[in-house]
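File shown: target32.txt (compact mmCIF, C-alpha atoms and all ligand atoms).
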```txt
# COMPACT_ATOMS: atom_id res chain seq x y z
CA MET A 1 118.43 75.74 96.28
CA GLU A 2 120.78 78.54 97.29
CA MET A 3 120.30 81.78 95.37
CA LYS A 4 122.39 84.55 96.91
CA THR A 5 122.39 87.93 95.17
CA ARG A 6 122.94 91.50 96.33
CA ILE A 7 119.16 91.67 96.86
CA THR A 8 118.96 88.67 99.24
CA GLU A 9 121.88 90.19 101.17
CA LEU A 10 120.39 93.70 101.22
CA LEU A 11 116.99 92.50 102.42
CA GLY A 12 118.02 89.55 104.58
CA ILE A 13 115.79 87.10 102.70
CA GLU A 14 116.39 83.54 101.51
CA TYR A 15 115.15 83.74 97.90
CA PRO A 16 115.35 86.69 95.48
CA ILE A 17 111.58 86.86 95.00
CA ILE A 18 109.58 89.97 95.92
CA GLN A 19 105.81 90.01 95.92
CA GLY A 20 104.11 92.81 93.99
CA GLY A 21 102.49 95.53 96.13
CA MET A 22 99.06 95.09 94.64
CA ALA A 23 96.22 97.41 95.72
CA TRP A 24 93.46 95.56 97.64
CA VAL A 25 95.23 92.21 97.02
CA ALA A 26 98.52 92.58 98.89
CA THR A 27 97.18 92.45 102.45
CA HIS A 28 99.04 91.29 105.56
CA GLU A 29 97.83 87.73 104.92
CA LEU A 30 99.63 87.52 101.57
CA ALA A 31 102.66 89.55 102.67
CA SER A 32 103.36 87.44 105.77
CA ALA A 33 102.89 84.21 103.77
CA VAL A 34 105.46 85.30 101.17
CA SER A 35 107.91 86.47 103.85
CA ASN A 36 107.50 83.27 105.86
CA ALA A 37 108.20 81.32 102.62
CA GLY A 38 111.58 83.06 102.23
CA GLY A 39 110.64 85.84 99.81
CA LEU A 40 109.84 89.47 100.55
CA GLY A 41 106.16 90.01 101.24
CA ILE A 42 104.74 93.46 100.55
CA ILE A 43 101.63 95.19 101.91
CA GLY A 44 100.08 97.24 99.11
CA ALA A 45 98.78 100.60 100.32
CA GLY A 46 97.00 101.18 97.00
CA GLY A 47 94.41 103.91 97.56
CA ALA A 48 93.81 103.00 101.22
CA PRO A 49 93.92 105.41 104.19
CA ALA A 50 97.02 105.68 106.37
CA SER A 51 95.22 104.14 109.39
CA TRP A 52 94.51 100.96 107.36
CA VAL A 53 98.16 100.75 106.35
CA ARG A 54 99.29 101.04 109.99
CA ASP A 55 96.89 98.26 111.05
CA GLN A 56 98.15 96.03 108.22
CA ILE A 57 101.78 96.60 109.23
CA ARG A 58 101.00 95.70 112.86
CA ALA A 59 99.11 92.55 111.80
CA CYS A 60 102.01 91.49 109.57
CA LYS A 61 104.49 91.95 112.44
CA GLU A 62 102.35 89.50 114.48
CA GLU A 63 102.45 86.91 111.69
CA THR A 64 106.13 86.95 110.75
CA ASP A 65 109.54 87.70 112.25
CA LYS A 66 111.00 87.91 108.74
CA PRO A 67 111.47 91.14 106.79
CA PHE A 68 108.51 92.52 104.88
CA GLY A 69 107.78 95.74 103.02
CA VAL A 70 105.08 98.25 102.18
CA ASN A 71 104.30 99.56 98.70
CA LEU A 72 103.34 103.24 98.61
CA MET A 73 101.23 104.03 95.54
CA LEU A 74 102.19 107.66 95.06
CA MET A 75 98.83 108.77 93.63
CA ASN A 76 97.21 107.87 96.99
CA PRO A 77 95.64 111.08 98.43
CA GLU A 78 97.13 110.16 101.83
CA ALA A 79 100.61 109.40 100.44
CA ASP A 80 102.28 111.91 102.82
CA GLU A 81 100.66 110.33 105.89
CA ILE A 82 101.41 106.77 104.71
CA ALA A 83 105.05 107.68 104.06
CA LYS A 84 105.17 108.85 107.70
CA VAL A 85 103.52 105.65 108.98
CA ILE A 86 106.15 103.58 107.13
CA ALA A 87 108.93 105.51 108.89
CA GLU A 88 107.22 105.47 112.32
CA GLU A 89 106.57 101.72 112.16
CA LYS A 90 110.21 101.17 111.11
CA VAL A 91 109.14 99.05 108.13
CA LYS A 92 112.24 97.31 106.72
CA VAL A 93 111.56 97.98 103.03
CA VAL A 94 109.46 100.40 101.01
CA THR A 95 108.65 100.02 97.34
CA THR A 96 106.92 102.86 95.49
CA GLY A 97 104.81 102.98 92.34
CA ALA A 98 103.17 105.36 89.91
CA GLY A 99 105.41 108.34 90.57
CA ASN A 100 108.63 109.81 91.95
CA PRO A 101 109.12 109.23 95.73
CA GLY A 102 111.91 111.84 95.98
CA LYS A 103 110.31 113.98 98.73
CA TYR A 104 110.10 111.03 101.16
CA ILE A 105 113.62 109.69 100.76
CA SER A 106 115.36 111.59 103.59
CA MET A 107 112.61 110.65 106.09
CA TRP A 108 112.87 106.97 105.14
CA LYS A 109 116.68 107.05 105.28
CA GLU A 110 116.38 108.42 108.82
CA ALA A 111 114.20 105.42 109.75
CA GLU A 112 116.70 103.04 108.06
CA THR A 113 114.00 101.86 105.66
CA VAL A 114 115.45 100.31 102.49
CA ILE A 115 114.04 102.25 99.51
CA ILE A 116 113.22 100.40 96.28
CA PRO A 117 111.26 102.49 93.75
CA VAL A 118 109.45 100.91 90.82
CA VAL A 119 110.63 102.50 87.58
CA ALA A 120 109.40 102.18 84.02
CA SER A 121 112.31 104.08 82.42
CA VAL A 122 116.10 104.38 82.52
CA ALA A 123 115.83 108.08 83.35
CA LEU A 124 113.86 107.51 86.57
CA ALA A 125 116.15 104.59 87.51
CA ARG A 126 119.19 106.89 87.26
CA LEU A 127 117.46 109.65 89.24
CA MET A 128 116.45 107.18 91.97
CA GLU A 129 120.01 105.87 92.27
CA ARG A 130 121.30 109.43 92.65
CA SER A 131 118.58 110.19 95.26
CA GLY A 132 119.61 107.29 97.50
CA ALA A 133 117.57 104.24 96.44
CA SER A 134 119.19 100.93 97.41
CA ALA A 135 117.79 99.07 94.38
CA VAL A 136 115.17 99.62 91.68
CA ILE A 137 112.37 97.47 90.33
CA ALA A 138 112.35 97.70 86.51
CA GLU A 139 108.73 96.99 85.65
CA GLY A 140 107.80 96.16 82.07
CA THR A 141 104.50 96.81 80.34
CA GLU A 142 103.55 93.13 80.67
CA SER A 143 102.61 93.86 84.30
CA GLY A 144 99.09 94.19 85.61
CA GLY A 145 97.65 97.47 86.83
CA HIS A 146 99.22 100.85 86.08
CA ILE A 147 101.96 100.36 83.47
CA GLY A 148 104.70 102.05 81.48
CA GLU A 149 105.55 101.53 77.79
CA ALA A 150 108.80 99.53 77.69
CA THR A 151 108.75 95.73 77.81
CA THR A 152 110.54 93.78 80.52
CA MET A 153 112.88 92.28 77.88
CA THR A 154 114.04 95.73 76.75
CA LEU A 155 113.81 97.70 80.02
CA VAL A 156 115.69 95.37 82.38
CA PRO A 157 119.06 95.18 80.53
CA GLN A 158 119.00 98.93 79.82
CA VAL A 159 118.39 99.73 83.50
CA VAL A 160 121.05 97.18 84.53
CA ASP A 161 123.57 98.99 82.32
CA ALA A 162 122.53 102.44 83.55
CA VAL A 163 122.84 101.98 87.34
CA ARG A 164 125.24 100.36 89.81
CA ILE A 165 122.57 99.41 92.38
CA PRO A 166 120.90 95.98 91.95
CA VAL A 167 117.90 95.69 89.65
CA ILE A 168 114.75 93.65 90.29
CA ALA A 169 112.85 92.59 87.16
CA ALA A 170 109.05 92.74 87.03
CA GLY A 171 106.37 92.17 84.44
CA GLY A 172 105.60 88.86 82.77
CA ILE A 173 107.36 86.62 85.30
CA ALA A 174 105.39 83.75 86.85
CA ASP A 175 107.61 80.66 86.74
CA GLY A 176 111.21 79.44 86.86
CA ARG A 177 111.77 80.12 83.18
CA GLY A 178 110.76 83.75 83.60
CA MET A 179 112.99 84.12 86.64
CA ALA A 180 115.97 82.53 84.83
CA ALA A 181 115.38 84.79 81.82
CA ALA A 182 115.30 87.87 84.06
CA PHE A 183 118.60 86.80 85.64
CA MET A 184 120.13 86.42 82.15
CA LEU A 185 119.16 90.06 81.55
CA GLY A 186 121.13 91.05 84.63
CA ALA A 187 118.39 91.19 87.25
CA GLU A 188 119.28 90.06 90.79
CA ALA A 189 115.70 89.36 91.89
CA VAL A 190 112.20 89.22 90.44
CA GLN A 191 108.97 90.85 91.53
CA ILE A 192 105.95 88.61 91.01
CA GLY A 193 102.36 89.81 91.23
CA THR A 194 99.74 87.90 89.27
CA ARG A 195 100.89 84.44 90.32
CA PHE A 196 100.48 85.43 93.99
CA VAL A 197 96.95 86.74 93.34
CA ALA A 198 96.07 83.09 92.72
CA ALA A 199 97.88 81.77 95.85
CA THR A 200 95.84 80.06 98.58
CA GLU A 201 96.76 82.75 101.14
CA SER A 202 95.55 85.55 98.84
CA ILE A 203 92.28 87.04 100.14
CA VAL A 204 91.06 87.69 96.59
CA HIS A 205 87.56 86.40 95.72
CA GLN A 206 87.52 82.89 94.21
CA ASN A 207 85.85 84.19 91.00
CA TYR A 208 88.88 86.43 90.29
CA LYS A 209 91.31 83.58 91.02
CA ASP A 210 89.33 81.28 88.72
CA ARG A 211 89.36 83.93 85.98
CA ILE A 212 93.17 84.10 86.16
CA VAL A 213 93.40 80.32 85.72
CA LYS A 214 90.97 80.47 82.77
CA ALA A 215 92.76 83.42 81.14
CA LYS A 216 94.29 82.85 77.73
CA ASP A 217 97.38 84.56 76.33
CA ILE A 218 95.36 87.31 74.62
CA ASP A 219 92.81 88.00 77.39
CA SER A 220 94.68 91.11 78.56
CA GLU A 221 93.47 94.66 77.78
CA VAL A 222 94.85 98.11 78.55
CA THR A 223 92.29 100.75 79.46
CA GLY A 224 92.97 104.48 79.65
CA ARG A 225 95.93 104.60 77.26
CA SER A 226 94.60 107.68 75.41
CA PHE A 227 94.14 109.46 78.75
CA GLY A 228 97.77 108.88 79.73
CA HIS A 229 96.58 106.50 82.46
CA PRO A 230 97.16 102.97 81.10
CA VAL A 231 95.93 100.15 83.33
CA ARG A 232 96.20 96.46 82.38
CA VAL A 233 93.27 94.22 83.32
CA LEU A 234 91.59 91.02 82.14
CA ARG A 235 88.97 91.50 79.42
CA ASN A 236 85.32 91.63 80.56
CA GLN A 237 82.13 93.66 80.16
CA MET A 238 83.75 96.65 81.92
CA THR A 239 86.76 96.75 79.56
CA LYS A 240 84.49 96.39 76.50
CA GLU A 241 82.41 99.39 77.61
CA TYR A 242 85.49 101.38 78.69
CA LEU A 243 87.39 100.82 75.44
CA LYS A 244 84.33 101.65 73.33
CA MET A 245 83.82 104.95 75.18
CA GLU A 246 87.55 105.70 74.93
CA LYS A 247 87.47 105.05 71.17
CA ASP A 248 84.36 107.22 70.80
CA GLY A 249 86.18 110.15 72.45
CA VAL A 250 84.09 110.26 75.63
CA PRO A 251 85.91 112.50 78.16
CA PHE A 252 88.10 110.91 80.87
CA GLU A 253 85.94 112.04 83.81
CA GLU A 254 82.93 110.31 82.23
CA VAL A 255 84.74 107.07 81.31
CA GLU A 256 86.45 106.82 84.69
CA LYS A 257 83.04 106.44 86.40
CA LEU A 258 83.15 102.86 85.10
CA THR A 259 86.21 102.06 87.23
CA LEU A 260 85.10 103.80 90.43
CA GLY A 261 85.33 101.08 93.08
CA SER A 262 85.82 98.44 90.38
CA LEU A 263 89.03 96.95 91.82
CA ARG A 264 87.28 96.44 95.15
CA ALA A 265 84.33 94.91 93.28
CA ALA A 266 86.63 92.35 91.64
CA VAL A 267 88.71 91.54 94.73
CA VAL A 268 86.06 91.62 97.47
CA ASP A 269 82.76 90.87 95.70
CA GLY A 270 84.12 88.67 92.90
CA ASP A 271 82.41 90.81 90.25
CA THR A 272 84.02 89.39 87.09
CA LYS A 273 81.71 91.37 84.75
CA MET A 274 82.16 94.98 85.87
CA GLY A 275 85.13 94.59 88.24
CA SER A 276 88.74 95.56 87.40
CA MET A 277 90.58 92.26 87.41
CA MET A 278 94.08 93.68 87.25
CA ALA A 279 96.51 91.02 86.02
CA GLY A 280 99.67 90.82 83.96
CA GLN A 281 99.96 89.36 80.48
CA ILE A 282 101.40 86.20 82.03
CA ALA A 283 97.97 85.30 83.50
CA GLY A 284 97.56 82.90 80.57
CA LEU A 285 100.46 80.82 81.90
CA ILE A 286 98.95 80.40 85.36
CA SER A 287 97.07 77.09 85.50
CA ARG A 288 96.49 76.54 89.22
CA ASN A 289 95.03 78.50 92.12
CA ASP A 290 95.51 75.82 94.76
CA MET A 291 99.18 76.43 95.56
CA SER A 292 100.45 78.18 98.69
CA CYS A 293 103.03 80.98 98.51
CA SER A 294 105.62 78.53 99.81
CA GLU A 295 104.81 75.96 97.11
CA ILE A 296 104.91 78.65 94.43
CA ILE A 297 108.27 79.99 95.61
CA GLN A 298 109.80 76.51 95.95
CA GLU A 299 108.68 75.55 92.44
CA ILE A 300 109.99 78.76 90.89
CA VAL A 301 113.42 78.68 92.57
CA THR A 302 113.88 74.95 91.87
CA ASP A 303 113.07 75.37 88.17
CA ALA A 304 115.08 78.60 87.80
CA GLY A 305 118.03 77.06 89.66
CA LYS A 306 118.16 74.13 87.23
CA LEU A 307 118.04 76.44 84.21
CA LEU A 308 120.72 78.70 85.67
CA LYS A 309 122.81 75.64 86.65
CA LEU A 310 123.14 76.88 90.24
O1 LIG B 401 102.07 101.35 90.33
C1 LIG B 401 102.09 100.34 89.67
N1 LIG B 401 101.00 99.63 89.38
C2 LIG B 401 99.75 99.92 89.85
S1 LIG B 401 99.34 101.20 90.87
C3 LIG B 401 97.75 100.74 90.86
S2 LIG B 401 96.57 101.60 91.79
C4 LIG B 401 95.42 102.00 90.69
N2 LIG B 401 94.19 101.72 91.03
C5 LIG B 401 93.20 102.01 90.21
C6 LIG B 401 93.45 102.58 88.99
C7 LIG B 401 94.70 102.86 88.63
C8 LIG B 401 95.73 102.57 89.47
C9 LIG B 401 97.59 99.66 90.08
N3 LIG B 401 98.72 99.21 89.53
N4 LIG B 401 103.26 99.88 89.17
C10 LIG B 401 104.46 100.58 89.36
C11 LIG B 401 104.69 101.50 88.23
N5 LIG B 401 105.17 102.70 88.37
N6 LIG B 401 104.44 101.25 86.95
C12 LIG B 401 104.79 102.36 86.27
C13 LIG B 401 105.26 103.26 87.18
C14 LIG B 401 105.74 104.57 86.97
C15 LIG B 401 105.34 105.32 85.87
C16 LIG B 401 105.80 106.62 85.71
C17 LIG B 401 106.60 105.15 87.89
C18 LIG B 401 107.03 106.43 87.75
C19 LIG B 401 106.63 107.14 86.64
O2 LIG B 401 107.04 108.44 86.47
C20 LIG B 401 107.51 109.13 87.59
C21 LIG B 401 107.43 110.58 87.43
O3 LIG B 401 108.45 111.14 86.95
O4 LIG B 401 106.40 111.15 87.80
```
Let's see the structure in the file written out as structure tokens.
Amino acid sequence: MEMKTRITELLGIEYPIIQGGMAWVATHELASAVSNAGGLGIIGAGGAPASWVRDQIRACKEETDKPFGVNLMLMNPEADEIAKVIAEEKVKVVTTGAGNPGKYISMWKEAETVIIPVVASVALARLMERSGASAVIAEGTESGGHIGEATTMTLVPQVVDAVRIPVIAAGGIADGRGMAAAFMLGAEAVQIGTRFVAATESIVHQNYKDRIVKAKDIDSEVTGRSFGHPVRVLRNQMTKEYLKMEKDGVPFEEVEKLTLGSLRAAVVDGDTKMGSMMAGQIAGLISRNDMSCSEIIQEIVTDAGKLLKL
């Protein structure tokens, strides 16, 4: 299935599928598997130190000759150092999340790194285009983790109309139908997270992968909304306690103690009770965790290609 868009041309990849830059989950193992399968693999810096990010980049270079990227989560306390590592290591692509990457753009341009910010609004998409981004990822509230308010269905066409650079759709996409729908909205690629959490190459604990497969349509919760820090995760004991404290007006600093180290607990220790199992609303659609990144990508592009009559 041939699927050329401005994104496949810009990034030098075979299929217009980008892997989400998920904290703790998007390691070099997952990133190189997605890149070797013809998509764009991404190493997620999350809240990790700059030295870890450099090691991950070097490991990924050993595992693939294809392009891959790094996601810089802008709330990371070492964001400045990681931004520098990305430039020094001449990483092909950087995606950013949870903020405005404006202050790093000139340094990355110098290193010829392609800059693709995640945006949750038309305003930030416009600003990023003006600042020199080569594309934007329009991420709807269906996504896992830290989210904005607008849905993918409403955000993507509005961003497409607002900018000239290509738009990548994210949030709620896990199969060929979702990809085809995103293309109908004007997207030229999709970013997929949750489905890759459940891939065989993902280093995530089996308990977390099993929980994604078991998830139903309504098993998704958003914690921290009243604190202006909305994070989408799968419902468990932790979310029950968090949401009760939030409803009872317990202060943020107190409630946040529940999530200290909770993403690591879910990913590394497989703690499905008190861990943060970040996942998008589409988790309910995911029925298998025995497929490789290559099998996932082939299935999605084949199904989307048929629907789009390519
Ligand atoms: O960043 C994400 N998703 C994430 S980051 C993350 S790390 C984390 N770990 C523990 C607790 C909380 C977070 C988990 N998931 N997605 C990209 C994204 N960016 N979604 C929304 C935005 C966004 C929102 C507002 C980007 C920019 C923005 O405003 C920019 C400004 O003007 O400051």
May I have a table of the residues of chain A lying at most 9 Å from ligand LIG 401 (chain B), giving each one's closest pair of atoms and their distance in Å to one decimal, counting all atoms listed in the file, ordered by chain and ascending residue number, as a Markdown table?
```
| residue | atom | partner | partner_atom | distance |
| --- | --- | --- | --- | --- |
| A:Gly20 | CA | B:LIG401 | N4 | 8.6 |
| A:Gly21 | CA | B:LIG401 | N1 | 8.0 |
| A:Met22 | CA | B:LIG401 | N3 | 6.6 |
| A:Ala23 | CA | B:LIG401 | S2 | 5.8 |
| A:Trp24 | CA | B:LIG401 | S2 | 9.0 |
| A:Ala45 | CA | B:LIG401 | S2 | 8.9 |
| A:Gly46 | CA | B:LIG401 | S2 | 5.2 |
| A:Gly47 | CA | B:LIG401 | S2 | 6.6 |
| A:Asn71 | CA | B:LIG401 | O1 | 8.8 |
| A:Leu72 | CA | B:LIG401 | O1 | 8.6 |
| A:Met73 | CA | B:LIG401 | S1 | 5.8 |
| A:Leu74 | CA | B:LIG401 | O1 | 7.9 |
| A:Met75 | CA | B:LIG401 | S2 | 7.7 |
| A:Asn76 | CA | B:LIG401 | S2 | 8.2 |
| A:Thr96 | CA | B:LIG401 | C10 | 7.0 |
| A:Gly97 | CA | B:LIG401 | O1 | 3.8 |
| A:Ala98 | CA | B:LIG401 | N5 | 3.7 |
| A:Gly99 | CA | B:LIG401 | C20 | 3.7 |
| A:Asn100 | CA | B:LIG401 | C20 | 4.6 |
| A:Pro101 | CA | B:LIG401 | C20 | 8.3 |
| A:Pro117 | CA | B:LIG401 | C17 | 7.9 |
| A:Val118 | CA | B:LIG401 | C10 | 5.2 |
| A:Val119 | CA | B:LIG401 | C17 | 4.8 |
| A:Ala120 | CA | B:LIG401 | C12 | 5.1 |
| A:Ser121 | CA | B:LIG401 | C19 | 7.7 |
| A:Ala123 | CA | B:LIG401 | O3 | 8.8 |
| A:Leu124 | CA | B:LIG401 | O3 | 6.5 |
| A:Ile137 | CA | B:LIG401 | C10 | 8.6 |
| A:Ala138 | CA | B:LIG401 | N6 | 8.7 |
| A:Glu139 | CA | B:LIG401 | N6 | 6.2 |
| A:Gly140 | CA | B:LIG401 | N6 | 7.8 |
| A:Thr141 | CA | B:LIG401 | N6 | 8.0 |
| A:Ser143 | CA | B:LIG401 | N4 | 7.8 |
| A:Gly144 | CA | B:LIG401 | N3 | 6.4 |
| A:Gly145 | CA | B:LIG401 | N3 | 3.4 |
| A:His146 | CA | B:LIG401 | N3 | 3.9 |
| A:Ile147 | CA | B:LIG401 | N6 | 4.4 |
| A:Gly148 | CA | B:LIG401 | C12 | 4.8 |
| A:Glu149 | CA | B:LIG401 | C12 | 8.6 |
| A:His229 | CA | B:LIG401 | C7 | 7.4 |
| A:Pro230 | CA | B:LIG401 | C7 | 7.9 |
| A:Val231 | CA | B:LIG401 | C7 | 6.1 |
| A:Arg232 | CA | B:LIG401 | N3 | 8.1 |
| A:Thr259 | CA | B:LIG401 | C6 | 7.5 |
| A:Leu260 | CA | B:LIG401 | C5 | 8.3 |
| A:Gly261 | CA | B:LIG401 | C5 | 8.4 |
| A:Ser262 | CA | B:LIG401 | C5 | 8.2 |
| A:Leu263 | CA | B:LIG401 | C5 | 6.8 |
| A:Ser276 | CA | B:LIG401 | C5 | 8.3 |
| A:Met278 | CA | B:LIG401 | C9 | 7.5 |
```
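Between A:Ala48 and the residues A:Val268, A:Ile82, A:Val197, A:Lys240, the shortest atom-to-atom distance, using only C-alpha atoms, involves A:Ile82.
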10 Å contact set for A:Ile218, only C-alpha atoms, chain neighbours under 4 positions out, as a list of chain:residue names: A:Leu234, A:Arg235, A:Gln281, A:Ile282, A:Ala283, A:Gly284
Store the residues picked out above in a file with C-alpha atoms, as a JSON list (two decimals), in the coordinates of the input.
```
[["chain", "number", "residue", "atom", "x", "y", "z"],
["A", 234, "LEU", "CA", 91.59, 91.02, 82.14],
["A", 235, "ARG", "CA", 88.97, 91.50, 79.42],
["A", 281, "GLN", "CA", 99.96, 89.36, 80.48],
["A", 282, "ILE", "CA", 101.40, 86.20, 82.03],
["A", 283, "ALA", "CA", 97.97, 85.30, 83.50],
["A", 284, "GLY", "CA", 97.56, 82.90, 80.57]]
```
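The smallest atom-to-atom distance between A:Glu295 and any of A:Ala199, A:Cys60, A:Ala83, A:Val53, using all atoms listed in the file, is found for A:Ala199.
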Would you compute an axis-aligned box for stretch 147-155 of chain A, covering every atom listed for it in the file with 5 Å of margin on each side, and report centre and edge lengths in Å to one decimal as AutoDock Vina command-line options?
```
--center_x 108.0 --center_y 97.2 --center_z 80.1 --size_x 22.1 --size_y 19.8 --size_z 16.7
```
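The closest residue to A:Asp290, picked from A:Ile86, A:Val213, A:Met1, A:Leu258 and counting only C-alpha atoms, is A:Val213.
With distances restricted to all atoms listed in the file, A:Cys293 is the closest residue to A:Ala198 from A:Ala87, A:Cys293, A:Val136, A:Ile43.
Residue nearest A:Ala170, chosen from A:Ala304, A:Ile18, A:Val267, A:Ile296 and counting all atoms listed in the file: A:Ile18.
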Near-A:Val163 list (8 Å; only C-alpha atoms; drop same-chain fewer than 5 positions) as a ChimeraX atom specification: /A:125-126,129
Can I get the selected residues back with C-alpha atoms, as a CSV table (one decimal), keeping the file's coordinate frame?
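Full text of result_5.csv as output:
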```csv
chain,number,residue,atom,x,y,z
A,125,ALA,CA,116.2,104.6,87.5
A,126,ARG,CA,119.2,106.9,87.3
A,129,GLU,CA,120.0,105.9,92.3
```
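Atom CA of A:Met277 is positioned 18.6 Å from atom CA of A:Glu246.
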One-decimal distance in Å that lies between atom CA of A:Gln19 and atom CA of A:Gly39: 7.5 Å
Among the residues A:Arg288, A:Arg177, A:Arg264, A:Lys273, the one that comes closest to A:Phe196 [using all atoms listed in the file]: A:Arg288
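Between atom CA of A:Thr200 and atom CA of A:Val85 there is a distance of 28.7 Å.
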